[in-house]
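Novice: Right, I'll just put the structure down here and ask away after.
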Amino acid sequence: MASAAKPRLDPETAYEVISPESYAGWDPLLDTFDRLREDTPVAWVEDPEGRHPPFWLVTRYDDVMRISKDNATFLNNPQTVVFSLTEGIEFAKNLTGGSPHMVASLVTFDAPIHMKYRKLTQEWFMPKNLRRLEDEIRALAVRTVDRLIEAGDTADFCKLVSQPYPLHVVMQILGVPEEDEPRMLMLTQQMFGGQDEDLNQSGMKDLPPEAITKLVAGAVKDFEAYFAGLTAEKRANPTDDVASTIANATVDGEPLNDRDMMGYYIIVAAAGHDTTSASTAGAMLALARDPEQWARVREDRSLLPGIVEEAIRWTSPVQHFMRTAAEDTEVGGQQIAKGDWLMINYVAANHDPAQFDSPRTFDASRSPNRHLAFGAGAHQCLGLHLARLEMRILFEALLDRIETVELAGEPKRAKSTFVGGLKTLPLRITPA
Ligand code: HEM
């Protein structure tokens, strides 16, 4: 039987689950998710400061899985898919002439349009096609590890490896020349790191929400200007990269309009970068804390896929997505009304003890490991094979060249409710 009353979170817990700082603090937030999964697995959250629209927070694995797979009842398009400030949503509506989405991309589309757009690049992201990129990716990995080793015995792994490497890969598949990468790095960090003063390049602490919204809008504009030039180039001289596929694609016989095309580039550039950075840094943190595991996997590379998969679950870099109920429905025994906004929280789902034994333990031998870090259903991550491939190739290069690795200081996480993870990871390494 579904209950009618709304189980509201108390203001303190509501504040905790929506503040970027909690995601930087991590463990206390995981404690709160443990409590909520037990008490209030589908909880109504009202921002005590009234700056965000209210929503349902969903923390159990089974409920997150069900919502993700039921793409007819739980839609992506009606409201923003990322938890946003009311002011930011209004700003986007003004800018776009009514859409709450600053960028129109795969994650903001529903059926039937969604699949038409997804199909354009789906084959490109399949393992069969990616195989031909392995040598190029390996060359990038080796160069990245060279730079780490040249830096001496202590270095920040995030700055030297986990941030630049996935950016290089994604820029390579988009066909963006290397000299333009710093601009792309700054833009993706402004779009996704807006809540963290070290990542948004603002140099300001506690940026006010209006400034964050403007920063993101400015980054979108700059991205659009950049990719307009790239489209012209890829139409004139198409190659086999993703940008050429997008620039020359048609849907229902028509080329993509500018907004849709830009959205496609932006999602590939942005989705493929910070996410893989975070899971790569997380894998390295787990290995730096466990020297025996490092030594074991150096000897036996068959352990590597398990490490990669567990790092993706353990870090859950995409911390949530939002959905909107298409009709009155029910989740975990709770009545949900048509139009309600729901947060499917991947961090909470991937730490659900009903699905994962000792979920906070990094266990490379975890099997099965059916985590939800890539989502599920129609929107499941398009780049999941690429993310795994990139991580495996990078760790092969690291294991080949580094004998021992240990922590050389306190790692720090980014303040972000959306894409999160380590922003610094000081390491001491001994080359092989
Ligand atoms: C969608 C996670 C890497 C491209 C998603 C979603 C998640 C996710 C949770 C939404 C799934 C859903 O709604 O069910 C991750 C993680 C990554 C990663 C954790 C790294 C460890 C990548 C890479 C690319 C990429 C490398 C491409 C270069 C996309 C795209 C979508 C997406 C295009 C939208 C798919 C759609 O809406 O149909 N990703 N991602 N991702 N991801 Fe990833």
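Chain labels follow the order of the structure tokens: the first chain is A, the next B, and so on; residue numbering restarts at 1 in every chain, and ligands are counted from 1 in their shown order.
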Give me, as a CSV table (one decimal) with all heavy atoms, in the first residue's frame, all polymer residues having an atom no more than 12 Å from Glu224 of chain A, counting only C-alpha atoms and skipping those fewer than 4 positions away in the same chain.

Specialist:
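This is the output file out-v6.csv:
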```csv
chain,number,residue,atom,x,y,z
A,102,MET,N,19.9,24.6,-20.1
A,102,MET,CA,20.8,25.6,-20.7
A,102,MET,C,21.4,25.0,-22.0
A,102,MET,O,21.6,25.6,-23.0
A,102,MET,CB,22.0,25.8,-19.7
A,102,MET,CG,22.8,27.0,-20.0
A,102,MET,SD,22.2,28.4,-19.2
A,102,MET,CE,22.9,28.2,-17.5
A,103,VAL,N,21.6,23.6,-21.9
A,103,VAL,CA,22.2,22.9,-23.1
A,103,VAL,C,21.2,21.8,-23.5
A,103,VAL,O,20.7,21.1,-22.6
A,103,VAL,CB,23.5,22.3,-22.7
A,103,VAL,CG1,24.1,21.4,-23.9
A,103,VAL,CG2,24.5,23.3,-22.4
A,104,ALA,N,20.8,21.7,-24.8
A,104,ALA,CA,19.9,20.6,-25.2
A,104,ALA,C,20.8,19.4,-25.6
A,104,ALA,O,21.6,19.5,-26.5
A,104,ALA,CB,19.1,21.1,-26.4
A,184,MET,N,39.4,24.3,-23.3
A,184,MET,CA,38.4,23.3,-23.0
A,184,MET,C,38.3,22.9,-21.6
A,184,MET,O,37.3,22.7,-21.0
A,184,MET,CB,38.6,22.0,-23.9
A,184,MET,CG,38.3,22.3,-25.3
A,184,MET,SD,36.6,22.6,-25.6
A,184,MET,CE,36.7,24.2,-26.3
A,187,LEU,N,36.7,25.5,-19.6
A,187,LEU,CA,35.2,25.6,-19.8
A,187,LEU,C,34.5,24.4,-19.1
A,187,LEU,O,33.5,24.7,-18.5
A,187,LEU,CB,35.0,25.6,-21.3
A,187,LEU,CG,35.4,26.9,-22.0
A,187,LEU,CD1,35.1,26.7,-23.5
A,187,LEU,CD2,34.6,28.0,-21.5
A,217,ALA,N,26.7,30.0,-17.8
A,217,ALA,CA,26.1,30.5,-19.1
A,217,ALA,C,27.3,31.0,-20.0
A,217,ALA,O,27.3,30.8,-21.2
A,217,ALA,CB,25.1,31.6,-18.8
A,218,GLY,N,28.3,31.7,-19.4
A,218,GLY,CA,29.4,32.2,-20.1
A,218,GLY,C,30.2,31.0,-20.8
A,218,GLY,O,30.6,31.1,-21.9
A,219,ALA,N,30.4,30.0,-20.0
A,219,ALA,CA,31.1,28.8,-20.5
A,219,ALA,C,30.4,28.2,-21.6
A,219,ALA,O,31.0,27.8,-22.6
A,219,ALA,CB,31.3,27.8,-19.3
A,220,VAL,N,29.0,28.1,-21.5
A,220,VAL,CA,28.2,27.5,-22.6
A,220,VAL,C,28.4,28.3,-23.9
A,220,VAL,O,28.6,27.8,-25.0
A,220,VAL,CB,26.7,27.4,-22.2
A,220,VAL,CG1,25.9,27.0,-23.4
A,220,VAL,CG2,26.5,26.4,-21.1
A,228,ALA,N,31.3,25.9,-33.1
A,228,ALA,CA,30.8,26.4,-34.4
A,228,ALA,C,31.9,26.3,-35.5
A,228,ALA,O,31.7,25.9,-36.6
A,228,ALA,CB,30.2,27.8,-34.3
A,229,GLY,N,33.1,26.7,-35.0
A,229,GLY,CA,34.3,26.7,-35.9
A,229,GLY,C,34.6,25.3,-36.3
A,229,GLY,O,34.9,24.9,-37.4
A,230,LEU,N,34.6,24.4,-35.3
A,230,LEU,CA,34.9,23.0,-35.5
A,230,LEU,C,33.9,22.3,-36.5
A,230,LEU,O,34.3,21.5,-37.3
A,230,LEU,CB,34.9,22.3,-34.1
A,230,LEU,CG,35.6,20.9,-34.1
A,230,LEU,CD1,37.1,21.1,-34.1
A,230,LEU,CD2,35.3,20.1,-32.8
A,231,THR,N,32.7,22.7,-36.3
A,231,THR,CA,31.6,22.1,-37.2
A,231,THR,C,32.0,22.4,-38.7
A,231,THR,O,31.9,21.5,-39.6
A,231,THR,CB,30.2,22.6,-36.9
A,231,THR,OG1,30.0,22.3,-35.6
A,231,THR,CG2,29.2,22.0,-37.8
A,258,ASP,N,21.6,24.1,-34.8
A,258,ASP,CA,22.8,24.5,-34.0
A,258,ASP,C,22.8,24.2,-32.6
A,258,ASP,O,23.7,23.7,-32.0
A,258,ASP,CB,23.0,26.1,-34.2
A,258,ASP,CG,23.6,26.4,-35.5
A,258,ASP,OD1,24.0,25.5,-36.2
A,258,ASP,OD2,23.7,27.6,-35.8
A,259,ARG,N,21.6,24.4,-31.9
A,259,ARG,CA,21.5,24.1,-30.5
A,259,ARG,C,21.7,22.6,-30.2
A,259,ARG,O,22.4,22.3,-29.3
A,259,ARG,CB,20.1,24.6,-30.0
A,259,ARG,CG,19.9,24.4,-28.5
A,259,ARG,CD,18.8,25.2,-28.0
A,259,ARG,NE,18.0,24.7,-26.9
A,259,ARG,CZ,18.4,24.7,-25.6
A,259,ARG,NH1,19.5,25.3,-25.3
A,259,ARG,NH2,17.7,24.1,-24.6
A,260,ASP,N,21.1,21.8,-31.0
A,260,ASP,CA,21.2,20.3,-30.8
A,260,ASP,C,22.7,19.8,-31.1
A,260,ASP,O,23.2,19.0,-30.4
A,260,ASP,CB,20.3,19.6,-31.7
A,260,ASP,CG,18.8,19.8,-31.2
A,260,ASP,OD1,18.6,20.3,-30.1
A,260,ASP,OD2,17.9,19.4,-31.9
A,261,MET,N,23.3,20.4,-32.1
A,261,MET,CA,24.6,20.0,-32.4
A,261,MET,C,25.6,20.4,-31.3
A,261,MET,O,26.4,19.6,-30.9
A,261,MET,CB,25.0,20.6,-33.8
A,261,MET,CG,26.2,20.0,-34.4
A,261,MET,SD,26.2,20.2,-36.1
A,261,MET,CE,25.7,21.9,-36.3
A,262,MET,N,25.4,21.7,-30.9
A,262,MET,CA,26.3,22.1,-29.8
A,262,MET,C,26.1,21.3,-28.5
A,262,MET,O,27.1,21.0,-27.8
A,262,MET,CB,26.0,23.6,-29.4
A,262,MET,CG,26.3,24.6,-30.5
A,262,MET,SD,28.0,24.3,-31.2
A,262,MET,CE,27.7,24.8,-32.9
A,263,GLY,N,24.9,21.0,-28.3
A,263,GLY,CA,24.6,20.1,-27.1
A,263,GLY,C,25.3,18.8,-27.1
A,263,GLY,O,25.8,18.3,-26.1
A,264,TYR,N,25.3,18.3,-28.4
A,264,TYR,CA,26.0,17.0,-28.5
A,264,TYR,C,27.5,17.1,-28.2
A,264,TYR,O,28.1,16.2,-27.5
A,264,TYR,CB,25.8,16.5,-30.0
A,264,TYR,CG,25.4,15.0,-30.0
A,264,TYR,CD1,24.3,14.5,-30.7
A,264,TYR,CD2,26.3,14.0,-29.5
A,264,TYR,CE1,24.0,13.2,-30.8
A,264,TYR,CE2,26.0,12.7,-29.5
A,264,TYR,CZ,24.8,12.3,-30.2
A,264,TYR,OH,24.5,10.9,-30.2
A,265,TYR,N,28.1,18.1,-28.8
A,265,TYR,CA,29.6,18.3,-28.6
A,265,TYR,C,29.8,18.5,-27.1
A,265,TYR,O,30.7,17.9,-26.5
A,265,TYR,CB,30.1,19.5,-29.3
A,265,TYR,CG,30.1,19.5,-30.8
A,265,TYR,CD1,29.6,20.5,-31.5
A,265,TYR,CD2,30.7,18.4,-31.4
A,265,TYR,CE1,29.7,20.5,-32.9
A,265,TYR,CE2,30.7,18.4,-32.8
A,265,TYR,CZ,30.2,19.4,-33.5
A,265,TYR,OH,30.2,19.4,-34.9
A,266,ILE,N,29.0,19.3,-26.5
A,266,ILE,CA,29.2,19.7,-25.1
A,266,ILE,C,29.0,18.5,-24.2
A,266,ILE,O,29.8,18.2,-23.3
A,266,ILE,CB,28.2,20.8,-24.7
A,266,ILE,CG1,28.6,22.1,-25.4
A,266,ILE,CG2,28.2,21.0,-23.1
A,266,ILE,CD1,27.7,23.3,-25.1
A,267,ILE,N,28.0,17.7,-24.5
A,267,ILE,CA,27.9,16.5,-23.6
A,267,ILE,C,29.0,15.5,-23.7
A,267,ILE,O,29.5,15.0,-22.7
A,267,ILE,CB,26.5,15.8,-23.7
A,267,ILE,CG1,26.4,14.9,-22.5
A,267,ILE,CG2,26.3,15.1,-25.0
A,267,ILE,CD1,25.1,14.4,-22.1
A,269,ALA,N,32.1,16.3,-24.6
A,269,ALA,CA,33.3,16.9,-24.0
A,269,ALA,C,33.2,16.9,-22.5
A,269,ALA,O,34.2,16.6,-21.8
A,269,ALA,CB,33.4,18.4,-24.6
```

Novice: Apply DSSP to the backbone of this structure and, from segment 2-152 of chain A, keep only the residues in helix (DSSP H, G or I); write these as JSON, numbers by chain.

Specialist: {"A": [11, 12, 13, 14, 15, 16, 17, 18, 20, 21, 22, 23, 24, 25, 27, 28, 29, 30, 31, 32, 33, 34, 35, 36, 37, 38, 39, 61, 62, 63, 64, 65, 66, 67, 68, 69, 86, 87, 88, 89, 90, 91, 92, 93, 94, 95, 96, 106, 107, 108, 113, 114, 115, 116, 117, 118, 119, 120, 121, 122, 127, 128, 129, 130, 131, 132, 133, 134, 135, 136, 137, 138, 139, 140, 141, 142, 143, 144, 145, 146, 147, 148, 149, 150]}

Novice: At a cut-off of 6 Å around ligand 1, and using only C-alpha atoms and all ligand atoms, what residues come up? Please write them as a list of chain:residue names.

Specialist: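 Result of the 6 Å neighbour search around ligand 1: A:Ser68, A:Leu106, A:Val107, A:Arg118, A:Val170, A:Ile267, A:Val268, A:Ala271, A:Gly272, A:Thr275, A:Thr276, A:Ser279, A:Ile312, A:Ser316, A:Pro317, A:Val318, A:Ala373, A:Phe374, A:Gly375, A:Ala376, A:Gly377, A:His379, A:Gln380, A:Cys381, A:Leu382, A:Gly383, A:Leu384, A:Leu386, A:Ala387.
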
Novice: Could you save those same residues with C-alpha atoms as an mmCIF file, in the first residue's frame?

Specialist:
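Written out: selection.cif:
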```cif
data_model
loop_
_atom_site.group_PDB
_atom_site.id
_atom_site.type_symbol
_atom_site.label_atom_id
_atom_site.label_comp_id
_atom_site.auth_asym_id
_atom_site.auth_seq_id
_atom_site.Cartn_x
_atom_site.Cartn_y
_atom_site.Cartn_z
ATOM 1 C CA SER A 68 16.287 4.537 -14.273
ATOM 2 C CA LEU A 106 21.001 13.477 -25.003
ATOM 3 C CA VAL A 107 20.384 13.553 -21.244
ATOM 4 C CA ARG A 118 21.644 8.516 -29.388
ATOM 5 C CA VAL A 170 38.037 13.155 -25.155
ATOM 6 C CA ILE A 267 27.863 16.504 -23.561
ATOM 7 C CA VAL A 268 30.642 14.397 -25.055
ATOM 8 C CA ALA A 271 30.524 14.028 -19.668
ATOM 9 C CA GLY A 272 33.627 12.204 -20.749
ATOM 10 C CA THR A 275 33.798 11.677 -14.571
ATOM 11 C CA THR A 276 36.704 9.534 -15.745
ATOM 12 C CA SER A 279 37.170 7.396 -10.946
ATOM 13 C CA ILE A 312 33.815 3.395 -10.612
ATOM 14 C CA SER A 316 30.351 7.153 -8.210
ATOM 15 C CA PRO A 317 31.581 10.350 -9.910
ATOM 16 C CA VAL A 318 28.139 11.259 -11.260
ATOM 17 C CA ALA A 373 27.523 4.542 -11.489
ATOM 18 C CA PHE A 374 26.808 4.510 -15.251
ATOM 19 C CA GLY A 375 23.049 4.640 -14.685
ATOM 20 C CA ALA A 376 20.681 2.147 -16.321
ATOM 21 C CA GLY A 377 17.897 2.116 -18.906
ATOM 22 C CA HIS A 379 20.123 6.908 -20.811
ATOM 23 C CA GLN A 380 22.795 4.535 -19.547
ATOM 24 C CA CYS A 381 26.207 6.116 -20.060
ATOM 25 C CA LEU A 382 27.108 6.165 -23.734
ATOM 26 C CA GLY A 383 30.814 6.347 -22.892
ATOM 27 C CA LEU A 384 31.045 3.463 -20.432
ATOM 28 C CA LEU A 386 35.504 4.186 -23.371
ATOM 29 C CA ALA A 387 35.772 5.069 -19.665
#
```

Novice: Between atom CA of Leu285 of chain A and atom CA of Leu372 of chain A, what distance in Å does the model show, to one decimal?

Specialist: 20.9 Å

Novice: Using only C-alpha atoms, determine which residues lie at most 10 Å from Pro78 of chain A, disregarding the query and same-chain residues fewer than 3 positions distant; provide the list as a VMD selection string.

Specialist: chain A and resid 74 to 75 81 99 to 101 108 to 110 323 to 326 339 341

Novice: Restrict the selected residues to all heavy atoms and save them as a compact mmCIF listing (two decimals), in the first residue's frame.

Specialist:
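What landed in again-v5.txt:
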```txt
# COMPACT_ATOMS: atom_id res chain seq x y z
N PHE A 74 9.31 8.04 -15.80
CA PHE A 74 10.25 9.01 -15.22
C PHE A 74 11.03 9.68 -16.34
O PHE A 74 11.91 9.08 -16.95
CB PHE A 74 11.16 8.31 -14.21
CG PHE A 74 10.38 7.66 -13.10
CD1 PHE A 74 10.10 6.29 -13.13
CD2 PHE A 74 9.86 8.41 -12.06
CE1 PHE A 74 9.34 5.70 -12.13
CE2 PHE A 74 9.11 7.84 -11.05
CZ PHE A 74 8.84 6.47 -11.08
N LEU A 75 10.66 10.93 -16.60
CA LEU A 75 11.17 11.63 -17.79
C LEU A 75 12.35 12.53 -17.48
O LEU A 75 12.54 12.98 -16.34
CB LEU A 75 10.04 12.49 -18.37
CG LEU A 75 8.76 11.76 -18.81
CD1 LEU A 75 7.71 12.76 -19.28
CD2 LEU A 75 9.07 10.74 -19.91
N VAL A 81 17.81 18.10 -15.48
CA VAL A 81 18.25 16.76 -15.09
C VAL A 81 19.35 16.82 -14.03
O VAL A 81 19.76 15.80 -13.49
CB VAL A 81 18.75 15.94 -16.31
CG1 VAL A 81 17.59 15.47 -17.14
CG2 VAL A 81 19.76 16.71 -17.13
N SER A 99 13.00 26.75 -22.36
CA SER A 99 13.49 25.45 -21.90
C SER A 99 14.29 25.63 -20.61
O SER A 99 15.12 26.54 -20.51
CB SER A 99 14.37 24.81 -22.98
OG SER A 99 15.09 23.74 -22.41
N PRO A 100 14.10 24.73 -19.64
CA PRO A 100 14.91 24.83 -18.42
C PRO A 100 16.35 24.36 -18.63
O PRO A 100 17.20 24.54 -17.76
CB PRO A 100 14.19 23.88 -17.45
CG PRO A 100 13.51 22.87 -18.32
CD PRO A 100 13.13 23.61 -19.59
N HIS A 101 16.61 23.76 -19.81
CA HIS A 101 17.94 23.21 -20.06
C HIS A 101 18.83 24.22 -20.76
O HIS A 101 18.55 24.61 -21.90
CB HIS A 101 17.85 21.95 -20.92
CG HIS A 101 16.86 20.95 -20.40
ND1 HIS A 101 17.05 20.28 -19.23
CD2 HIS A 101 15.63 20.57 -20.86
CE1 HIS A 101 16.00 19.49 -19.00
NE2 HIS A 101 15.13 19.66 -19.98
N THR A 108 18.87 15.35 -21.86
CA THR A 108 17.66 16.17 -21.65
C THR A 108 16.52 15.75 -22.58
O THR A 108 15.44 16.31 -22.53
CB THR A 108 17.94 17.67 -21.87
OG1 THR A 108 18.18 17.90 -23.27
CG2 THR A 108 19.13 18.15 -21.06
N PHE A 109 16.78 14.76 -23.46
CA PHE A 109 15.74 14.30 -24.39
C PHE A 109 15.01 13.07 -23.83
O PHE A 109 15.59 12.29 -23.08
CB PHE A 109 16.34 13.88 -25.74
CG PHE A 109 17.02 14.99 -26.51
CD1 PHE A 109 18.03 14.69 -27.42
CD2 PHE A 109 16.64 16.32 -26.35
CE1 PHE A 109 18.65 15.70 -28.15
CE2 PHE A 109 17.26 17.33 -27.09
CZ PHE A 109 18.27 17.03 -27.98
N ASP A 110 13.75 12.91 -24.25
CA ASP A 110 13.00 11.68 -23.96
C ASP A 110 12.65 11.02 -25.29
O ASP A 110 12.85 11.61 -26.36
CB ASP A 110 11.71 12.03 -23.20
CG ASP A 110 11.99 12.49 -21.78
OD1 ASP A 110 12.79 11.84 -21.09
OD2 ASP A 110 11.40 13.51 -21.35
N ARG A 323 14.85 13.22 -12.36
CA ARG A 323 13.79 12.79 -13.27
C ARG A 323 12.51 13.52 -12.88
O ARG A 323 12.38 14.00 -11.74
CB ARG A 323 13.54 11.28 -13.14
CG ARG A 323 14.71 10.38 -13.52
CD ARG A 323 14.94 10.37 -15.03
NE ARG A 323 15.86 9.31 -15.45
CZ ARG A 323 17.17 9.49 -15.63
NH1 ARG A 323 17.72 10.67 -15.44
NH2 ARG A 323 17.91 8.48 -16.03
N THR A 324 11.52 13.53 -13.79
CA THR A 324 10.22 14.13 -13.49
C THR A 324 9.14 13.07 -13.74
O THR A 324 9.15 12.42 -14.79
CB THR A 324 9.96 15.35 -14.40
OG1 THR A 324 11.02 16.29 -14.19
CG2 THR A 324 8.62 16.02 -14.09
N ALA A 325 8.23 12.92 -12.78
CA ALA A 325 7.18 11.90 -12.93
C ALA A 325 6.20 12.33 -14.03
O ALA A 325 5.66 13.43 -14.00
CB ALA A 325 6.44 11.71 -11.61
N ALA A 326 5.98 11.41 -15.00
CA ALA A 326 5.07 11.71 -16.12
C ALA A 326 3.62 11.54 -15.71
O ALA A 326 2.71 12.01 -16.38
CB ALA A 326 5.38 10.77 -17.28
N GLY A 339 4.44 15.27 -12.28
CA GLY A 339 5.16 16.54 -12.28
C GLY A 339 6.19 16.67 -11.16
O GLY A 339 7.02 17.57 -11.18
N TRP A 341 9.51 16.22 -8.97
CA TRP A 341 10.94 16.13 -9.37
C TRP A 341 11.60 15.11 -8.44
O TRP A 341 11.37 15.16 -7.21
CB TRP A 341 11.53 17.51 -9.15
CG TRP A 341 12.68 17.92 -10.00
CD1 TRP A 341 12.96 17.53 -11.27
CD2 TRP A 341 13.68 18.89 -9.62
NE1 TRP A 341 14.08 18.19 -11.72
CE2 TRP A 341 14.54 19.02 -10.74
CE3 TRP A 341 13.93 19.64 -8.49
CZ2 TRP A 341 15.64 19.88 -10.73
CZ3 TRP A 341 15.02 20.50 -8.48
CH2 TRP A 341 15.87 20.63 -9.58
```

Novice: Within 10 Å of Pro353 of chain A, counting only C-alpha atoms, which residues show up once you throw out same-chain ones fewer than 3 positions away? Write them as a PyMOL selection string, please.

Specialist: chain A and resi 34+37+60-61+348-350+356-360

Novice: Output C-alpha atoms for every residue in the selection just made, as a compact mmCIF listing (two decimals), in the first residue's frame.

Specialist:
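What landed in result36.txt:
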```
# COMPACT_ATOMS: atom_id res chain seq x y z
CA ASP A 34 22.53 4.84 5.47
CA ARG A 37 17.71 4.18 3.27
CA ARG A 60 17.80 2.67 -2.24
CA TYR A 61 19.52 0.72 -5.02
CA ALA A 348 23.52 6.38 -2.05
CA ALA A 349 22.44 3.52 -4.38
CA ASN A 350 26.03 2.33 -4.85
CA PHE A 356 26.77 -4.56 -1.82
CA ASP A 357 28.44 -6.26 1.17
CA SER A 358 30.58 -3.76 3.15
CA PRO A 359 29.83 -1.05 0.59
CA ARG A 360 32.46 1.41 1.89
```

Novice: Please determine, counting only C-alpha atoms, which residue among A:Ser22, A:Thr73, A:Gln293, A:Ser105 has the shortest atom-to-atom distance to Lys415 of chain A.

Specialist: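 Going through A:Ser22, A:Thr73, A:Gln293, A:Ser105 one by one, the smallest distance to Lys415 of chain A is for A:Ser22.
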
Novice: Among the residues of segment 178-405 of chain A, find those DSSP assigns to strand (DSSP E or B) from the backbone and print them as a PyMOL selection string.

Specialist: chain A and resi 250-251+254-255+318+320-325+329-331+334-336+341-345+402-405

Novice: Can you list, as a ChimeraX atom specification, every protein, DNA or RNA residue that comes within 8 Å of Ala278 of chain A when you count only C-alpha atoms, leaving out same-chain residues fewer than 5 positions away?

Specialist: /A:162,315,317,420-422

Novice: Tell me which protein, DNA and RNA residues are within 8 Å of Arg392 of chain A, counting only C-alpha atoms, leaving out same-chain ones fewer than 4 positions away, and put them as an MDAnalysis selection string.

Specialist: chainID A and resid 304:305 308 388 396

Novice: Okay, now the selection with N, CA, C and O atoms, as a PDB file, in the first residue's frame?

Specialist:
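Contents of the output file out-v3.pdb:
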```pdb
ATOM      1  N   LEU A 304      43.160  -6.220 -12.962  1.00  0.00           N
ATOM      2  CA  LEU A 304      42.900  -4.813 -13.298  1.00  0.00           C
ATOM      3  C   LEU A 304      41.432  -4.488 -13.609  1.00  0.00           C
ATOM      4  O   LEU A 304      40.905  -3.500 -13.065  1.00  0.00           O
ATOM      5  N   PRO A 305      40.730  -5.272 -14.430  1.00  0.00           N
ATOM      6  CA  PRO A 305      39.320  -4.921 -14.696  1.00  0.00           C
ATOM      7  C   PRO A 305      38.485  -4.839 -13.412  1.00  0.00           C
ATOM      8  O   PRO A 305      37.616  -3.962 -13.297  1.00  0.00           O
ATOM      9  N   VAL A 308      39.229  -1.469 -11.803  1.00  0.00           N
ATOM     10  CA  VAL A 308      38.579  -0.381 -12.549  1.00  0.00           C
ATOM     11  C   VAL A 308      37.082  -0.323 -12.203  1.00  0.00           C
ATOM     12  O   VAL A 308      36.541   0.731 -11.872  1.00  0.00           O
ATOM     13  N   ARG A 388      36.032   2.668 -19.275  1.00  0.00           N
ATOM     14  CA  ARG A 388      36.751   1.484 -18.768  1.00  0.00           C
ATOM     15  C   ARG A 388      38.067   1.270 -19.513  1.00  0.00           C
ATOM     16  O   ARG A 388      39.100   0.969 -18.913  1.00  0.00           O
ATOM     17  N   GLU A 396      47.643   0.201 -16.807  1.00  0.00           N
ATOM     18  CA  GLU A 396      48.707  -0.670 -17.333  1.00  0.00           C
ATOM     19  C   GLU A 396      50.013   0.121 -17.406  1.00  0.00           C
ATOM     20  O   GLU A 396      51.065  -0.351 -16.978  1.00  0.00           O
TER      21      GLU A 396
END
```
